[in-house]
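So this one's input-v4.cif, mmCIF, C-alpha atoms and all ligand atoms:
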data_model
loop_
_atom_site.label_atom_id
_atom_site.label_comp_id
_atom_site.auth_asym_id
_atom_site.auth_seq_id
_atom_site.Cartn_x
_atom_site.Cartn_y
_atom_site.Cartn_z
CA MET F 1 83.25 128.53 218.44
CA LEU F 2 85.43 130.20 215.82
CA ILE F 3 84.51 129.42 212.21
CA THR F 4 85.96 130.17 208.78
CA ILE F 5 84.49 132.56 206.22
CA ASP F 6 83.44 129.52 204.11
CA ASP F 7 81.60 128.03 207.05
CA ALA F 8 79.94 131.39 207.83
CA VAL F 9 78.67 131.70 204.23
CA THR F 10 77.24 128.16 204.33
CA ARG F 11 75.53 128.67 207.67
CA LEU F 12 74.09 132.06 206.69
CA ALA F 13 72.81 130.72 203.36
CA GLY F 14 71.07 127.97 205.36
CA GLY F 15 69.23 130.53 207.51
CA ASP F 16 71.47 130.41 210.60
CA VAL F 17 72.98 133.34 212.47
CA VAL F 18 76.72 133.91 212.96
CA ALA F 19 78.82 136.69 214.47
CA LEU F 20 80.91 138.63 211.94
CA PRO F 21 83.53 141.33 212.40
CA SER F 22 82.72 144.79 211.06
CA GLU F 23 84.95 147.84 211.28
CA THR F 24 82.69 149.27 214.02
CA VAL F 25 81.78 146.34 216.31
CA TYR F 26 81.04 142.63 215.79
CA GLY F 27 77.59 142.01 214.33
CA LEU F 28 75.15 139.13 214.77
CA ALA F 29 74.28 138.42 211.15
CA GLY F 30 71.42 136.61 209.44
CA LEU F 31 69.74 136.81 206.00
CA ALA F 32 67.78 140.06 206.01
CA LEU F 33 65.00 138.73 203.80
CA ASN F 34 64.54 135.49 205.74
CA GLU F 35 62.06 135.91 208.59
CA GLN F 36 63.25 132.81 210.43
CA ALA F 37 66.82 134.07 210.46
CA ILE F 38 65.63 137.45 211.73
CA ALA F 39 63.59 135.79 214.47
CA LYS F 40 66.74 133.90 215.56
CA ILE F 41 68.66 137.19 215.85
CA TYR F 42 65.99 138.77 218.06
CA ALA F 43 65.74 135.65 220.23
CA LEU F 44 69.49 135.25 220.76
CA LYS F 45 69.96 138.92 221.67
CA GLY F 46 66.82 139.04 223.80
CA ARG F 47 66.02 142.15 221.80
CA PRO F 48 62.54 143.69 221.96
CA ALA F 49 60.67 143.26 218.66
CA THR F 50 60.15 147.04 218.66
CA ASN F 51 63.85 147.74 218.00
CA PRO F 52 64.67 147.45 214.26
CA LEU F 53 67.85 145.98 212.77
CA ILE F 54 70.46 147.44 210.42
CA VAL F 55 70.61 145.78 207.00
CA HIS F 56 74.11 145.43 205.52
CA VAL F 57 74.67 145.37 201.77
CA ALA F 58 77.73 144.96 199.51
CA HIS F 59 77.02 147.86 197.16
CA LEU F 60 74.63 150.70 196.36
CA GLN F 61 72.69 148.67 193.78
CA GLN F 62 71.77 146.15 196.46
CA ALA F 63 70.63 149.01 198.71
CA GLU F 64 68.36 150.24 195.93
CA GLU F 65 66.53 146.91 195.92
CA LEU F 66 65.62 147.48 199.56
CA CYS F 67 64.95 151.20 199.88
CA TYR F 68 64.54 154.50 198.06
CA VAL F 69 68.06 155.93 197.90
CA ASN F 70 67.44 159.67 197.57
CA SER F 71 70.00 162.23 196.39
CA GLN F 72 71.16 163.07 199.93
CA ALA F 73 71.73 159.38 200.64
CA LYS F 74 73.71 159.02 197.41
CA ARG F 75 75.94 161.90 198.47
CA VAL F 76 76.63 160.53 201.93
CA GLY F 77 77.02 157.00 200.55
CA GLU F 78 79.51 158.12 197.92
CA ALA F 79 81.51 159.99 200.55
CA TYR F 80 81.51 157.41 203.34
CA TRP F 81 80.55 153.92 202.09
CA PRO F 82 81.89 151.39 202.66
CA GLY F 83 82.22 152.74 206.18
CA PRO F 84 80.80 153.39 209.64
CA ILE F 85 77.58 155.23 208.76
CA THR F 86 74.05 153.84 208.57
CA LEU F 87 71.31 155.61 206.61
CA VAL F 88 67.63 155.39 207.52
CA LEU F 89 65.61 155.51 204.27
CA PRO F 90 62.05 154.75 203.12
CA LYS F 91 61.84 151.00 202.69
CA LYS F 92 60.61 149.03 199.70
CA LYS F 93 58.17 146.12 199.94
CA SER F 94 60.95 143.53 199.70
CA VAL F 95 62.06 144.22 203.30
CA PRO F 96 60.10 142.21 205.89
CA GLY F 97 58.39 144.25 208.61
CA LEU F 98 60.17 142.08 211.18
CA VAL F 99 63.53 143.65 210.24
CA THR F 100 62.24 147.21 210.53
CA ALA F 101 60.03 146.55 213.58
CA GLY F 102 57.04 147.59 211.51
CA ASN F 103 58.57 150.93 210.47
CA GLN F 104 58.22 152.19 206.90
CA THR F 105 61.94 152.97 206.94
CA VAL F 106 64.95 150.68 206.85
CA ALA F 107 68.47 151.29 208.21
CA ILE F 108 71.14 150.45 205.60
CA ARG F 109 74.92 150.27 205.73
CA ILE F 110 77.81 149.09 203.54
CA PRO F 111 80.45 147.92 206.04
CA ARG F 112 84.16 148.34 205.39
CA HIS F 113 85.59 145.27 207.11
CA PRO F 114 87.04 142.92 204.45
CA VAL F 115 85.56 139.81 206.13
CA PHE F 116 82.04 141.26 206.30
CA LEU F 117 82.30 142.51 202.70
CA GLU F 118 83.54 139.14 201.47
CA VAL F 119 80.66 137.31 203.16
CA LEU F 120 78.15 139.78 201.67
CA THR F 121 79.67 139.47 198.21
CA ARG F 122 79.74 135.68 198.27
CA LEU F 123 76.19 135.39 199.57
CA ASN F 124 74.96 138.10 197.20
CA GLN F 125 72.15 138.74 199.69
CA PRO F 126 71.69 141.48 202.30
CA LEU F 127 72.46 140.64 205.93
CA ALA F 128 70.68 142.05 208.95
CA ALA F 129 73.15 142.49 211.81
CA PRO F 130 72.71 144.21 215.14
CA SER F 131 75.74 144.37 217.41
CA ALA F 132 76.67 140.87 218.66
CA ASN F 133 75.80 141.38 222.32
CA PRO F 134 72.83 140.46 224.46
CA SER F 135 70.40 143.39 224.48
CA ASN F 136 71.63 146.40 226.54
CA ARG F 137 75.14 145.02 227.13
CA THR F 138 78.38 146.44 225.76
CA SER F 139 79.06 145.78 222.05
CA PRO F 140 81.95 143.38 221.30
CA THR F 141 85.03 144.66 219.46
CA GLU F 142 86.95 141.36 219.44
CA ALA F 143 85.85 137.79 218.68
CA ARG F 144 86.57 136.64 222.24
CA HIS F 145 84.23 139.32 223.61
CA VAL F 146 81.33 137.71 221.77
CA GLU F 147 81.94 134.55 223.80
CA GLU F 148 82.49 136.54 226.99
CA LEU F 149 79.10 138.21 226.50
CA PHE F 150 77.02 135.23 225.34
CA GLY F 151 78.70 132.38 227.28
CA LYS F 152 77.14 129.03 226.39
CA LYS F 153 74.75 130.68 223.94
CA CYS F 154 77.66 132.08 221.91
CA PRO F 155 76.96 132.06 218.16
CA PRO F 156 79.62 130.68 215.77
CA THR F 157 82.02 133.58 215.20
CA VAL F 158 84.45 134.60 212.45
CA ASP F 159 87.54 136.16 214.04
CA GLY F 160 88.42 139.30 212.09
CA GLY F 161 90.70 140.83 214.70
CA LYS F 162 90.06 143.93 216.76
CA CYS F 163 87.54 146.36 215.23
CA ALA F 164 89.22 149.50 213.90
CA VAL F 165 86.50 151.95 214.95
CA GLY F 166 85.23 150.36 218.17
CA LEU F 167 81.93 152.30 218.38
CA GLU F 168 78.71 151.51 216.53
CA SER F 169 78.09 153.36 213.25
CA THR F 170 76.65 156.86 213.06
CA VAL F 171 72.91 156.46 212.32
CA LEU F 172 71.63 159.23 210.03
CA ASP F 173 67.93 159.53 209.26
CA LEU F 174 67.48 160.74 205.67
CA SER F 175 63.88 159.54 205.34
CA GLY F 176 62.25 162.91 206.06
CA ASP F 177 62.72 166.60 205.32
CA GLN F 178 65.30 167.20 208.03
CA PRO F 179 68.47 165.05 208.06
CA THR F 180 68.92 163.95 211.66
CA ILE F 181 71.60 161.98 213.46
CA LEU F 182 69.87 159.34 215.59
CA ARG F 183 73.12 157.92 216.97
CA PRO F 184 76.46 159.80 216.89
CA GLY F 185 79.53 157.90 215.72
CA LEU F 186 82.94 158.23 214.12
CA ILE F 187 81.48 160.11 211.15
CA THR F 188 80.59 163.38 212.81
CA ARG F 189 77.79 165.89 212.42
CA ALA F 190 80.27 168.44 210.99
CA GLN F 191 81.40 165.95 208.33
CA ILE F 192 77.79 165.17 207.34
CA GLN F 193 76.88 168.88 207.24
CA ASP F 194 79.88 169.46 204.98
CA CYS F 195 78.85 166.63 202.75
CA LEU F 196 75.17 167.69 202.50
CA GLN F 197 75.85 171.43 202.62
CA ARG F 198 73.07 171.91 205.13
CA GLN F 199 72.25 171.77 208.85
CA VAL F 200 71.85 168.31 210.34
CA GLY F 201 69.88 167.68 213.53
CA LEU F 202 71.12 165.60 216.46
CA PHE F 203 68.38 163.67 218.27
CA GLN F 204 68.27 161.86 221.58
CA ASP F 205 71.48 163.39 222.77
CA PRO F 206 72.10 162.42 226.37
CA SER F 207 75.20 164.60 226.64
CA PRO F 208 74.34 168.31 226.40
CA ASP F 209 76.94 171.05 226.99
CA PRO F 210 77.72 171.26 229.84
CA PRO F 211 76.74 167.84 231.23
CA ALA F 212 73.77 167.94 233.60
CA LYS F 213 74.83 167.97 237.23
CA GLU F 214 73.13 165.88 239.86
CA GLY F 215 69.69 167.18 240.67
CA GLN F 216 69.42 169.04 237.37
CA THR F 217 67.57 167.86 234.35
CA GLY F 218 68.65 168.71 230.86
CA ARG F 219 69.50 165.42 229.23
CA ASN F 220 67.32 164.99 226.22
CA GLN F 221 64.96 162.11 226.94
CA GLY F 222 63.22 162.03 223.56
CA ALA F 223 63.11 158.69 221.75
CA PRO F 224 63.42 159.19 218.00
CA SER F 225 65.22 155.90 217.35
CA PRO F 226 63.53 152.88 218.84
CA GLY F 227 66.80 151.41 220.08
CA MET F 228 68.16 154.50 221.74
CA GLY F 229 66.71 154.17 225.21
CA SER F 230 68.93 155.88 227.76
CA VAL F 231 70.21 152.66 229.36
CA HIS F 232 72.37 150.84 226.86
CA TYR F 233 75.89 149.61 226.27
CA ALA F 234 76.08 148.92 229.97
CA PRO F 235 78.59 146.81 231.86
CA ARG F 236 77.28 144.91 234.91
CA THR F 237 79.76 146.49 237.28
CA PRO F 238 78.48 149.89 238.44
CA LEU F 239 80.23 152.63 236.44
CA ALA F 240 80.80 156.24 237.57
CA LEU F 241 81.94 158.96 235.13
CA TYR F 242 84.13 161.99 235.81
CA PRO F 243 84.86 164.85 233.35
CA THR F 244 88.10 165.80 235.17
CA VAL F 245 90.72 164.06 237.32
CA GLU F 246 89.98 166.55 240.11
CA GLU F 247 86.32 165.53 240.24
CA PHE F 248 87.38 161.91 240.61
CA LEU F 249 89.83 162.78 243.38
CA ILE F 250 87.29 164.75 245.43
CA SER F 251 84.51 162.23 244.89
CA ALA F 252 83.80 159.99 247.85
CA LYS F 253 82.66 157.15 245.61
CA PHE F 254 85.98 155.30 245.26
CA LYS F 255 86.30 152.22 247.50
CA PRO F 256 89.23 149.80 247.83
CA GLY F 257 89.04 147.14 245.11
CA ASP F 258 87.40 149.52 242.63
CA LEU F 259 88.87 149.86 239.13
CA VAL F 260 89.87 153.16 237.52
CA ILE F 261 89.88 153.78 233.76
CA VAL F 262 91.47 156.90 232.28
CA ALA F 263 90.70 157.87 228.69
CA ASP F 264 93.93 159.86 228.46
CA GLY F 265 96.96 157.81 229.50
CA LYS F 266 98.75 161.00 230.58
CA ASP F 267 96.32 161.20 233.52
CA ALA F 268 97.43 157.76 234.69
CA THR F 269 100.79 159.04 235.95
CA GLN F 270 99.41 161.25 238.72
CA LEU F 271 96.80 158.68 239.71
CA ASP F 272 99.25 155.78 239.77
CA ALA F 273 101.52 157.91 241.98
CA LYS F 274 98.63 158.16 244.44
CA GLY F 275 98.30 154.37 244.47
CA TYR F 276 95.33 153.91 242.11
CA LEU F 277 95.69 151.09 239.64
CA THR F 278 94.53 152.61 236.36
CA THR F 279 93.78 151.22 232.91
CA PRO F 280 94.35 153.73 230.06
CA LEU F 281 92.20 153.87 226.90
CA SER F 282 94.82 155.81 224.92
CA THR F 283 98.32 157.24 225.29
CA ASP F 284 97.29 160.89 224.89
CA GLY F 285 93.50 161.16 224.64
CA CYS F 286 93.31 160.71 220.84
CA PRO F 287 89.54 160.21 220.28
CA GLU F 288 89.97 157.49 217.65
CA GLU F 289 92.12 155.51 220.04
CA VAL F 290 89.76 156.02 222.99
CA ALA F 291 86.84 154.89 220.81
CA GLN F 292 88.70 151.82 219.60
CA ASN F 293 89.63 150.65 223.11
CA LEU F 294 86.60 151.70 225.16
CA TYR F 295 84.30 148.67 224.84
CA GLY F 296 87.09 146.11 225.06
CA VAL F 297 88.37 147.60 228.31
CA LEU F 298 84.82 147.82 229.73
CA ILE F 299 84.11 144.18 228.85
CA GLU F 300 87.44 142.93 230.20
CA LEU F 301 87.29 144.91 233.46
CA ASP F 302 83.62 144.00 233.91
CA ALA F 303 84.68 140.33 234.00
CA LYS F 304 86.84 141.05 237.08
CA ASN F 305 83.69 141.56 239.16
CA ALA F 306 85.09 144.57 241.02
CA PRO F 307 82.65 146.46 243.30
CA SER F 308 82.69 149.51 240.96
CA MET F 309 84.45 151.07 237.98
CA HIS F 310 85.38 154.76 237.68
CA LEU F 311 86.05 156.33 234.29
CA ILE F 312 87.72 159.70 233.75
CA PHE F 313 87.11 161.24 230.33
CA THR F 314 88.14 164.85 229.86
CA GLY F 315 87.33 165.09 226.13
CA ALA F 316 85.23 168.03 224.88
CA ARG F 317 81.72 167.16 223.73
CA GLU F 318 82.33 167.59 220.04
CA GLY F 319 83.39 165.58 217.03
CA ILE F 320 84.17 161.93 217.77
CA ASN F 321 84.26 162.66 221.50
CA ARG F 322 80.55 163.44 221.31
CA ALA F 323 79.90 159.83 220.27
CA ILE F 324 82.11 158.61 223.11
CA TRP F 325 80.21 160.77 225.63
CA ASP F 326 76.93 159.44 224.24
CA ARG F 327 77.99 155.84 224.91
CA LEU F 328 79.48 156.69 228.31
CA TYR F 329 76.28 158.36 229.49
CA ARG F 330 74.35 155.28 228.49
CA ALA F 331 76.83 152.97 230.22
CA GLU F 332 76.95 155.06 233.40
CA THR F 333 75.03 153.70 236.37
CA LYS F 334 72.13 156.06 237.00
O1 LIG J 401 78.02 149.70 213.68
C1 LIG J 401 76.89 149.24 213.66
O2 LIG J 401 75.90 149.91 213.31
C2 LIG J 401 76.73 147.79 214.11
C3 LIG J 401 77.40 146.91 213.05
C4 LIG J 401 77.23 145.45 213.31
O3 LIG J 401 76.91 147.25 211.78
N1 LIG J 401 75.34 147.46 214.27
C5 LIG J 401 74.57 147.98 215.25
O4 LIG J 401 73.28 147.54 215.24
O5 LIG J 401 75.01 148.75 216.08
P1 LIG J 401 72.27 147.74 216.46
O6 LIG J 401 71.07 146.94 216.10
O7 LIG J 401 72.94 147.39 217.71
O8 LIG J 401 71.88 149.24 216.41
C6 LIG J 401 71.05 149.71 215.37
C7 LIG J 401 70.46 151.06 215.72
C8 LIG J 401 69.45 150.92 216.82
O9 LIG J 401 69.55 152.04 217.68
C9 LIG J 401 68.14 150.94 216.05
O10 LIG J 401 67.05 151.39 216.79
C10 LIG J 401 68.46 151.89 214.90
O11 LIG J 401 69.80 151.58 214.57
N2 LIG J 401 67.58 151.63 213.76
C11 LIG J 401 67.51 150.53 213.00
N3 LIG J 401 66.56 150.64 212.07
C12 LIG J 401 65.99 151.85 212.25
C13 LIG J 401 64.92 152.56 211.62
N4 LIG J 401 64.24 152.03 210.60
N5 LIG J 401 64.62 153.79 212.07
C14 LIG J 401 65.31 154.35 213.11
N6 LIG J 401 66.31 153.72 213.75
C15 LIG J 401 66.64 152.50 213.33
MG MG J 402 73.55 147.39 219.65
#
I'd like the structure from this file rewritten - as structure tokens, please.
Amino acid sequence: MLITIDDAVTRLAGGDVVALPSETVYGLAGLALNEQAIAKIYALKGRPATNPLIVHVAHLQQAEELCYVNSQAKRVGEAYWPGPITLVLPKKKSVPGLVTAGNQTVAIRIPRHPVFLEVLTRLNQPLAAPSANPSNRTSPTEARHVEELFGKKCPPTVDGGKCAVGLESTVLDLSGDQPTILRPGLITRAQIQDCLQRQVGLFQDPSPDPPAKEGQTGRNQGAPSPGMGSVHYAPRTPLALYPTVEEFLISAKFKPGDLVIVADGKDATQLDAKGYLTTPLSTDGCPEEVAQNLYGVLIELDAKNAPSMHLIFTGAREGINRAIWDRLYRAETK
């Protein structure tokens, strides 16, 4: 059911959960300081209680009521908030342990989407919001995807259009001595290093250079962030990944009825000429455009119940493409 901003504010203030658009993906929001609302979020997502939620605030002052905003956090916040970066910081007592899964840190973000910001401002209370998908499924980037993913259990949703970013926020841990990216996103490691004028670590990276070939190990299996298990963001249709068109063409995995996705629309021409029916994620491989379209295409093609999906992504593993590779490796059928 689609609802208005007014209705969303009323429902949230009453302790209910609603889906809201953010610039990254749609979020399943509830009052962050209300344990019943938080419990509803976990139950609806089927999310393990060990995986903490991101708390969204309207401004820095509100963040300071919830956590210790150190000088590094102030720098990153001033540079990128409101925007697609989440900071993990030492929490204050006001934040219930349920939100942080018992951790002494809390993940905080000021979102940039005007609808999310308006709801936060009108409520004048922080909102916890994980992505609005059942646990381990692909995150929604349009209001109709929330319904596609939840079916009859779909939460009331404010339609804020298609998300501009399309990938979940960068998660940056600034709670310890070493700044560390727990989840890559649109705001890149290079940008954060520039901003902090120091080296930033990258944890739990499933996409090393070069990608691990079959039979080799090499993908980092560490688990620094409770929610970053290696299976995540996954469609139900089996998904195979290829770093070049040639590798797709020589692979024996393609079967009639399978769907082919190309990140770079220029690759579609030669494949279409060979009779493959391809769906492009961008006209020319622009990483922002690939990121924006990726989840929507995965969700929509997943609904076609094809035997398999094949995705060709030739982007280098750096910058924004690193975040795309991270999500693709998690979505890939192992
Ligand atoms: O873009 C986004 O971040 C979206 C929108 C709605 O804001 N939200 C989102 O939330 O992606 P979620 O719950 O799907 O992902 C939050 C990630 C998880 O990997 C979780 O483990 C991590 O942030 N996280 C949350 N609190 C943490 C903490 N205290 N320490 C370490 N990781 C934390
Ligand atoms: Mg999520």
Go through segment 77-124 of chain F and flag each residue having an atom no more than 9 Å from segment 34-53 of chain F; for those, report the closest pair of atoms plus their distance in Å to one decimal, using only C-alpha atoms, ordered by chain and rising number, as a Markdown table.
| residue | atom | partner | partner_atom | distance |
| --- | --- | --- | --- | --- |
| F:Pro96 | CA | F:Glu35 | CA | 7.1 |
| F:Leu98 | CA | F:Glu35 | CA | 7.0 |
| F:Val99 | CA | F:Leu53 | CA | 5.5 |
| F:Thr100 | CA | F:Pro52 | CA | 4.5 |
| F:Ala101 | CA | F:Pro52 | CA | 4.8 |
| F:Gly102 | CA | F:Thr50 | CA | 7.8 |
| F:Asn103 | CA | F:Pro52 | CA | 8.0 |
| F:Val106 | CA | F:Pro52 | CA | 8.1 |
| F:Ala107 | CA | F:Leu53 | CA | 7.0 |
Check your understanding: What does the distance from atom CA of Thr278 of chain F to atom CA of Thr141 of chain F come to in Å, to one decimal?
Key -> 21.0 Å
Review point. Which chains and residue numbers are within 10 Å of ligand MG 402 (chain J), counting only C-alpha atoms and all ligand atoms, if I want them as a list in words?
Key: Val25, Tyr26, Gly27, Leu28, Lys45, Arg47, Asn51, Leu53, Ile54, Ala129, Pro130, Ser131, Ala132, Asn133, Pro134, Ser135, Asn136, Arg137, Thr138, Ser139, Pro140, Leu167, Glu168, Ser169, Gly227, Met228, His232 and Tyr233 of chain F
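Restricting the calculation to all atoms listed in the file, the smallest distance between ligand LIG 401 (chain J) and any of F:Tyr276, F:Tyr242, F:Phe116, F:Phe313 is found for F:Phe116.
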If we draw a sphere of 10 Å around (79.4, 158.9, 222.4), which residues have at least one atom in it when counting all atoms listed in the file? Please report them as an mmCIF file with C-alpha atoms, keeping the file's coordinate frame.
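Everything below was put into out25.cif:
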data_model
loop_
_atom_site.group_PDB
_atom_site.id
_atom_site.type_symbol
_atom_site.label_atom_id
_atom_site.label_comp_id
_atom_site.auth_asym_id
_atom_site.auth_seq_id
_atom_site.Cartn_x
_atom_site.Cartn_y
_atom_site.Cartn_z
ATOM 1 C CA LEU F 167 81.930 152.300 218.380
ATOM 2 C CA GLU F 168 78.710 151.510 216.530
ATOM 3 C CA THR F 170 76.650 156.860 213.060
ATOM 4 C CA ARG F 183 73.120 157.920 216.970
ATOM 5 C CA PRO F 184 76.460 159.800 216.890
ATOM 6 C CA GLY F 185 79.530 157.900 215.720
ATOM 7 C CA LEU F 186 82.940 158.230 214.120
ATOM 8 C CA ASP F 205 71.480 163.390 222.770
ATOM 9 C CA PRO F 206 72.100 162.420 226.370
ATOM 10 C CA SER F 207 75.200 164.600 226.640
ATOM 11 C CA ALA F 291 86.840 154.890 220.810
ATOM 12 C CA ARG F 317 81.720 167.160 223.730
ATOM 13 C CA GLU F 318 82.330 167.590 220.040
ATOM 14 C CA GLY F 319 83.390 165.580 217.030
ATOM 15 C CA ILE F 320 84.170 161.930 217.770
ATOM 16 C CA ASN F 321 84.260 162.660 221.500
ATOM 17 C CA ARG F 322 80.550 163.440 221.310
ATOM 18 C CA ALA F 323 79.900 159.830 220.270
ATOM 19 C CA ILE F 324 82.110 158.610 223.110
ATOM 20 C CA TRP F 325 80.210 160.770 225.630
ATOM 21 C CA ASP F 326 76.930 159.440 224.240
ATOM 22 C CA ARG F 327 77.990 155.840 224.910
ATOM 23 C CA LEU F 328 79.480 156.690 228.310
ATOM 24 C CA TYR F 329 76.280 158.360 229.490
ATOM 25 C CA ARG F 330 74.350 155.280 228.490
#
Practice item. Compare F:Val171, F:Leu239, F:Val55, F:Leu89 by their minimum atom-to-atom distance to Ser71 of chain F, counting only C-alpha atoms, and give me the closest one. Key: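 The shortest atom-to-atom distance to Ser71 of chain F comes from F:Leu89.
Comparing the minimum interatomic distances between ligand LIG 401 (chain J) and each of F:Glu247, F:Glu23, F:Asp194, F:Asp258, counting all atoms listed in the file, we find that F:Glu23 sits nearest.
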Check your understanding: How many Å separate atom CA of Ala273 of chain F from atom CA of Ser251 of chain F?
Key ->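 Atom CA of Ser251 of chain F lies at a distance of 17.8 Å from atom CA of Ala273 of chain F.
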Review point. Separation of atom CA of Glu65 of chain F and atom CA of Pro179 of chain F, in Å?
Key: 21.9 Å
Around all the atoms of ligand LIG 401 (chain J) listed in the file, draw an axis-aligned box and extend it by 5 Å on each of the six sides; I want its centre and edge lengths in Å to one decimal, as JSON.
{"center_x": 71.1, "center_y": 149.9, "center_z": 214.2, "size_x": 23.8, "size_y": 18.9, "size_z": 17.1}
Point to revise | Residues near Leu172 of chain F, cut-off 6 Å, all atoms listed in the file, skip fewer than 3 positions along chain, as a PyMOL selection string | key: chain F and resi 87+180-182
Review point. If you count all atoms listed in the file, which residues fall within 10 Å of Leu196 of chain F, apart from same-chain ones fewer than 6 positions away, as a ChimeraX atom specification?
Key: /F:71-73,75-76,179,190
